[in-house]
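Peer 1: Just dropping this structure here.
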Amino acid sequence: MGKIATVTPREEFIVQMNGAYNIVFDEIETAAEVAANTYVEALGGITAKAAEAGEFVRVMVRGNPTTVNAQRVDLGSDAESAKTALAAKGIIVVNE
């Protein structure tokens, strides 16, 4: 059987350990436009891609624990609150 398509993961903000990661993303409908790789408080996590209002987007809302690269994630204007909220969900921000 031939290869139909190759999918490139959009989660370049995740810091991989030992070359692999297993993280569950939730698919959440957005109420407003969201950017990729952005912590959105209303969604409770980090978006995996950009989406328009009313579209569904994959959002990392929990870790196991998981580390994310601070230089590739937009934590918003209140980065400390975002880091605290993410840490409570097992998502640790590193590489500041």
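Chains: A, B, ... in order of the structure tokens. Residues: from 1 per chain. Ligands: from 1, in order shown.
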Residues within 8 Å of Val94 of chain A, please, as a PyMOL selection string. Count only C-alpha atoms; anything in the same chain fewer than 2 positions from it doesn't count.

Peer 2: chain A and resi 67-70+92+96

Peer 1: Write out as a list in words which residues come within 10 Å of Gly76 of chain A when counting only C-alpha atoms, dropping same-chain ones fewer than 5 positions away.

Peer 2: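 Within the cut-off, the hits are Thr38, Tyr39, Val40, Glu41, Ser81 and Ala82 of chain A.
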
Peer 1: Write the residues you've just listed into a file as a compact mmCIF listing (two decimals), in the first residue's frame, and include N, CA, C and O atoms for each of them.

Peer 2:
```txt
# COMPACT_ATOMS: atom_id res chain seq x y z
N THR A 38 -0.35 29.81 20.67
CA THR A 38 -0.71 30.88 21.59
C THR A 38 -1.49 30.32 22.77
O THR A 38 -2.39 29.50 22.59
N TYR A 39 -1.13 30.77 23.98
CA TYR A 39 -1.92 30.41 25.14
C TYR A 39 -3.18 31.27 25.12
O TYR A 39 -3.11 32.49 25.08
N VAL A 40 -4.33 30.62 25.12
CA VAL A 40 -5.62 31.32 25.11
C VAL A 40 -6.34 30.94 26.39
O VAL A 40 -6.76 29.78 26.56
N GLU A 41 -6.46 31.90 27.30
CA GLU A 41 -7.07 31.63 28.60
C GLU A 41 -8.48 31.07 28.46
O GLU A 41 -8.86 30.13 29.16
N SER A 81 0.93 34.59 34.90
CA SER A 81 -0.35 33.91 35.17
C SER A 81 -0.55 32.74 34.22
O SER A 81 -1.05 31.69 34.62
N ALA A 82 -0.16 32.93 32.96
CA ALA A 82 -0.28 31.85 31.97
C ALA A 82 0.58 30.66 32.38
O ALA A 82 0.14 29.51 32.34
```

Peer 1: Excluding segment 51-60 of chain A and residues on its chain fewer than 5 positions from it, collect all residues at most 6 Å away from it, counting only C-alpha atoms, and give them as an mmCIF file with all heavy atoms, in the first residue's frame.

Peer 2:
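Below you can see result.cif, which holds the result:
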```cif
data_model
loop_
_atom_site.group_PDB
_atom_site.id
_atom_site.type_symbol
_atom_site.label_atom_id
_atom_site.label_comp_id
_atom_site.auth_asym_id
_atom_site.auth_seq_id
_atom_site.Cartn_x
_atom_site.Cartn_y
_atom_site.Cartn_z
ATOM 1 N N PHE A 25 -4.479 16.289 22.816
ATOM 2 C CA PHE A 25 -5.014 17.609 22.497
ATOM 3 C C PHE A 25 -6.532 17.498 22.478
ATOM 4 O O PHE A 25 -7.077 16.488 22.026
ATOM 5 C CB PHE A 25 -4.536 18.076 21.118
ATOM 6 C CG PHE A 25 -3.108 18.530 21.079
ATOM 7 C CD1 PHE A 25 -2.076 17.631 21.075
ATOM 8 C CD2 PHE A 25 -2.806 19.881 21.045
ATOM 9 C CE1 PHE A 25 -0.758 18.046 21.034
ATOM 10 C CE2 PHE A 25 -1.499 20.319 20.994
ATOM 11 C CZ PHE A 25 -0.476 19.402 20.988
ATOM 12 N N ASP A 26 -7.221 18.525 22.945
ATOM 13 C CA ASP A 26 -8.670 18.588 22.810
ATOM 14 C C ASP A 26 -9.001 19.413 21.581
ATOM 15 O O ASP A 26 -8.280 20.353 21.243
ATOM 16 C CB ASP A 26 -9.304 19.260 24.035
ATOM 17 C CG ASP A 26 -9.338 18.341 25.247
ATOM 18 O OD1 ASP A 26 -8.977 17.161 25.115
ATOM 19 O OD2 ASP A 26 -9.719 18.813 26.327
ATOM 20 N N GLU A 27 -10.080 19.063 20.921
ATOM 21 C CA GLU A 27 -10.548 19.862 19.792
ATOM 22 C C GLU A 27 -11.664 20.751 20.325
ATOM 23 O O GLU A 27 -12.688 20.263 20.799
ATOM 24 C CB GLU A 27 -11.048 18.969 18.665
ATOM 25 C CG GLU A 27 -11.332 19.751 17.405
ATOM 26 C CD GLU A 27 -11.617 18.847 16.227
ATOM 27 O OE1 GLU A 27 -12.633 18.135 16.273
ATOM 28 O OE2 GLU A 27 -10.822 18.857 15.286
ATOM 29 N N ILE A 28 -11.446 22.063 20.273
ATOM 30 C CA ILE A 28 -12.356 23.029 20.891
ATOM 31 C C ILE A 28 -12.805 24.037 19.841
ATOM 32 O O ILE A 28 -12.003 24.510 19.045
ATOM 33 C CB ILE A 28 -11.657 23.754 22.061
ATOM 34 C CG1 ILE A 28 -11.204 22.735 23.116
ATOM 35 C CG2 ILE A 28 -12.565 24.805 22.680
ATOM 36 C CD1 ILE A 28 -10.373 23.321 24.230
ATOM 37 N N GLU A 29 -14.089 24.372 19.871
ATOM 38 C CA GLU A 29 -14.615 25.391 18.963
ATOM 39 C C GLU A 29 -14.262 26.767 19.515
ATOM 40 O O GLU A 29 -14.441 27.040 20.698
ATOM 41 C CB GLU A 29 -16.128 25.261 18.835
ATOM 42 C CG GLU A 29 -16.723 26.200 17.812
ATOM 43 C CD GLU A 29 -18.207 25.972 17.602
ATOM 44 O OE1 GLU A 29 -18.810 25.186 18.351
ATOM 45 O OE2 GLU A 29 -18.763 26.594 16.684
ATOM 46 N N THR A 30 -13.744 27.627 18.643
ATOM 47 C CA THR A 30 -13.324 28.951 19.080
ATOM 48 C C THR A 30 -14.474 29.953 18.987
ATOM 49 O O THR A 30 -15.295 29.889 18.079
ATOM 50 C CB THR A 30 -12.154 29.466 18.232
ATOM 51 O OG1 THR A 30 -12.582 29.587 16.886
ATOM 52 C CG2 THR A 30 -10.971 28.537 18.303
ATOM 53 N N ALA A 31 -14.509 30.869 19.929
ATOM 54 C CA ALA A 31 -15.514 31.934 19.910
ATOM 55 C C ALA A 31 -14.982 33.160 19.181
ATOM 56 O O ALA A 31 -15.745 34.022 18.762
ATOM 57 C CB ALA A 31 -15.905 32.307 21.339
ATOM 58 N N ALA A 32 -13.663 33.231 19.062
ATOM 59 C CA ALA A 32 -13.010 34.368 18.394
ATOM 60 C C ALA A 32 -11.817 33.826 17.615
ATOM 61 O O ALA A 32 -11.416 32.676 17.789
ATOM 62 C CB ALA A 32 -12.551 35.391 19.427
ATOM 63 N N GLU A 33 -11.245 34.655 16.767
ATOM 64 C CA GLU A 33 -10.058 34.261 16.010
ATOM 65 C C GLU A 33 -8.908 34.005 16.977
ATOM 66 O O GLU A 33 -8.711 34.746 17.947
ATOM 67 C CB GLU A 33 -9.684 35.386 15.047
ATOM 68 C CG GLU A 33 -8.497 35.077 14.184
ATOM 69 C CD GLU A 33 -8.153 36.201 13.220
ATOM 70 O OE1 GLU A 33 -8.938 37.173 13.117
ATOM 71 O OE2 GLU A 33 -7.106 36.112 12.591
ATOM 72 N N VAL A 34 -8.149 32.937 16.737
ATOM 73 C CA VAL A 34 -6.991 32.617 17.573
ATOM 74 C C VAL A 34 -5.770 32.396 16.680
ATOM 75 O O VAL A 34 -5.903 31.960 15.539
ATOM 76 C CB VAL A 34 -7.227 31.360 18.453
ATOM 77 C CG1 VAL A 34 -8.314 31.606 19.476
ATOM 78 C CG2 VAL A 34 -7.544 30.141 17.619
ATOM 79 N N GLY A 45 -5.649 26.551 27.199
ATOM 80 C CA GLY A 45 -4.433 25.890 26.763
ATOM 81 C C GLY A 45 -3.765 26.583 25.596
ATOM 82 O O GLY A 45 -4.062 27.745 25.296
ATOM 83 N N ILE A 46 -2.868 25.846 24.919
ATOM 84 C CA ILE A 46 -2.066 26.377 23.818
ATOM 85 C C ILE A 46 -2.625 25.845 22.500
ATOM 86 O O ILE A 46 -2.759 24.634 22.318
ATOM 87 C CB ILE A 46 -0.596 25.956 23.976
ATOM 88 C CG1 ILE A 46 -0.035 26.464 25.313
ATOM 89 C CG2 ILE A 46 0.243 26.476 22.815
ATOM 90 C CD1 ILE A 46 1.318 25.899 25.667
#
```

Peer 1: With distances taken over only C-alpha atoms, which residue among A:Asn95, A:Ala50, A:Leu86, A:Ile23 lies nearest Asn64 of chain A?

Peer 2: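 Counting only C-alpha atoms, the residue closest to Asn64 of chain A is A:Ile23.
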
Peer 1: From the list A:Ala87, A:Ile14, A:Ala48, A:Val93, which residue is nearest Leu75 of chain A when using only C-alpha atoms?

Peer 2: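 Of all the options, A:Val93 lies closest to Leu75 of chain A.
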
Peer 1: Grab the atom CA of Ser77 of chain A to atom CA of Pro65 of chain A distance for me, in Å with one decimal place.

Peer 2: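 Spanning atom CA of Ser77 of chain A to atom CA of Pro65 of chain A is a straight-line distance of 24.2 Å.
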
Peer 1: For atom CA of Ile91 of chain A and atom CA of Arg62 of chain A, quote the distance in Å rounded to one decimal.

Peer 2: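 Calculated distance between atom CA of Ile91 of chain A and atom CA of Arg62 of chain A is 6.2 Å.
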
Peer 1: Using DSSP on the backbone, list every residue of segment 8-79 of chain A that comes out as strand (DSSP E), and give them as a ChimeraX atom specification.

Peer 2: /A:25-29,39-40,45-47,56-60,66-69
